[in-house]
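Notes follow the structure.
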Amino acid sequence: MTHGIWASVGGMQVNEYRQSLAANNMANLNTVGFKNDLAVIRQRRSESGENPSQKMFETNPYSDLGGGSWVRPTYTSFTQGTLEQTGRSLDVALDGDGFFAVSDGNEVRYTRDGRFARNAAGDMVLSADGGRFRVLDQNGLPINIADPSIGSIKIGRNGEVNQGDEVLGRIGVVDFEDRTALKKAGQSTFKLVGDTPTIPATADIHGGNVEASTVDSIAALTSMIEVSRAYDLNARMISLQDETLGMATTRIGRVG
């Protein structure tokens, strides 16, 4: 009986986790360059199944029941978002695989958010983070737009930043062999965890555009409703099993 209660508790925990992911996705419905997260659920096996050292204590068929459900690491979907025109000369969007590289001087992060701006020092920066991160070129160096009087900025499909007749640099775009090594770090940026090889980026750069969030509002709302119902169902199952257990412990002694 208690096995069923704990299985339902696990179900509640799983759906609480799914709800937090769905809510975060919904909150970032209009966040430029945001990539939605997906909850991955797995079967929770019995202790003897999870831990080989406990195999000696295996009790069939009880061990075959498993332990309900549990979560695997969050999966981020890197599907392409739609491109939206802004007309701003420093806005750029990636169409294809790759990430912009940005740095605050201490660490390098990666992003699909191409809302760039010029700070007081003339550096091209990521505007979403208040200008903390500077945009890097293909050699890993900041791109500087020191004199705005030279002319208007134009950014080509290859990432080349032109101001008048002067080439200021080429925006660096990188991709990775294993994207699961990219972990969200806030402001639509990713940190690289571990050591994974880089591969050539295939994305084209579109000036005057940004990439929209990949969150599907209808799917996210439907998921939140479904998860809420599943959570309530598990809570009801706990209540019913608790009542049944209470009846069993109070009435068995009265038999005969």
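A note on labels: chains of the structure tokens are A, B, ... as shown, every chain counts residues from 1, and ligands are counted from 1 in their shown order.
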Please list as JSON, numbers by chain every residue within 12 Å of A:Pro73, counting only C-alpha atoms and excluding residues in the same chain fewer than 6 positions away. {"A": [17, 18, 21, 37, 38, 39, 40, 41, 42, 180, 181, 183]}
Could you tell me, as a VMD selection string, which residues of stretch 17-250 of chain A DSSP assigns to strand (DSSP E) when given the backbone? chain A and resid 37 to 38 41 to 43 69 to 71 75 to 76 83 to 85 92 to 95 99 to 103 108 to 111 116 to 118 124 to 126 134 to 135 153 to 155 160 to 163 166 to 170 173 to 176 182 to 186 189 to 192 198 to 199 204 to 207 209 to 211
So that I can see what lies close to A:Leu136, please list as a VMD selection string the residues with an atom at most 7 Å from it, counting only C-alpha atoms and leaving out residues fewer than 3 positions away in the same chain. chain A and resid 101 to 102 140 to 143 171 to 172
Shell around stretch 78-84 of chain A at 12 Å using only C-alpha atoms, local window under 3 positions removed, as a short mmCIF file (atom, residue, chain, number, x, y, z; two decimals) with C-alpha atoms, in the first residue's frame:
```cif
data_model
loop_
_atom_site.label_atom_id
_atom_site.label_comp_id
_atom_site.auth_asym_id
_atom_site.auth_seq_id
_atom_site.Cartn_x
_atom_site.Cartn_y
_atom_site.Cartn_z
CA LEU A 29 7.07 33.62 -25.11
CA ASN A 30 8.34 36.99 -26.40
CA THR A 31 12.01 36.69 -25.41
CA VAL A 32 14.26 37.13 -28.45
CA GLY A 33 16.40 34.07 -29.17
CA PHE A 34 14.83 31.99 -26.39
CA LYS A 35 14.92 28.20 -26.84
CA ASN A 36 12.18 26.26 -25.12
CA ASP A 37 12.91 23.52 -22.61
CA LEU A 38 11.41 20.04 -22.71
CA TYR A 75 16.46 18.99 -22.74
CA GLY A 87 14.88 47.63 -39.21
CA ARG A 88 17.57 48.43 -36.59
CA ASP A 91 19.94 43.88 -34.87
CA VAL A 92 20.99 40.57 -36.42
CA ALA A 93 19.42 37.12 -36.59
CA LEU A 94 20.89 33.70 -37.29
CA ASP A 95 19.16 31.56 -39.89
CA GLY A 96 20.64 28.11 -39.44
CA ASP A 97 22.95 26.43 -36.93
CA GLY A 98 25.28 28.49 -34.78
CA PHE A 99 25.60 30.93 -31.90
CA THR A 111 23.51 33.31 -27.61
CA ARG A 112 20.98 33.48 -30.42
CA ASP A 113 19.82 36.92 -29.24
CA GLY A 114 21.13 39.36 -31.85
CA ARG A 115 19.89 42.60 -30.32
CA ASP A 175 28.57 25.82 -33.28
CA PHE A 176 29.26 22.73 -31.19
CA ASP A 178 27.52 18.29 -28.65
CA ARG A 179 24.94 20.96 -27.85
CA THR A 180 23.94 19.25 -24.60
CA LEU A 182 25.40 24.23 -23.49
CA LYS A 183 23.57 25.16 -20.30
CA LYS A 184 21.30 28.17 -19.89
CA PHE A 190 24.44 29.71 -22.67
CA ALA A 203 23.95 29.98 -40.23
CA ASP A 204 23.41 33.01 -42.42
CA ILE A 205 23.27 36.39 -40.69
CA HIS A 206 20.33 38.65 -41.46
CA GLY A 207 20.75 42.31 -40.53
CA GLY A 208 17.75 44.28 -39.32
CA ASN A 209 16.11 41.10 -37.95
CA VAL A 210 15.91 39.15 -34.71
CA GLU A 211 15.02 35.51 -34.06
CA ALA A 212 11.77 35.02 -32.19
CA SER A 213 11.29 32.68 -29.24
CA THR A 214 10.58 29.07 -30.18
CA VAL A 215 7.85 28.73 -27.55
CA ASP A 216 4.48 27.69 -28.97
#
```
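Distances to A:Arg109 were evaluated for A:Ser239, A:Gln187, A:Asn139, A:Ser20 using only C-alpha atoms, and the minimum falls at A:Gln187.
Shortest separation to A:Glu160 among A:Lys191, A:Thr202, A:Leu221, A:Leu90 occurs at residue A:Leu90, atoms counted being only C-alpha atoms.
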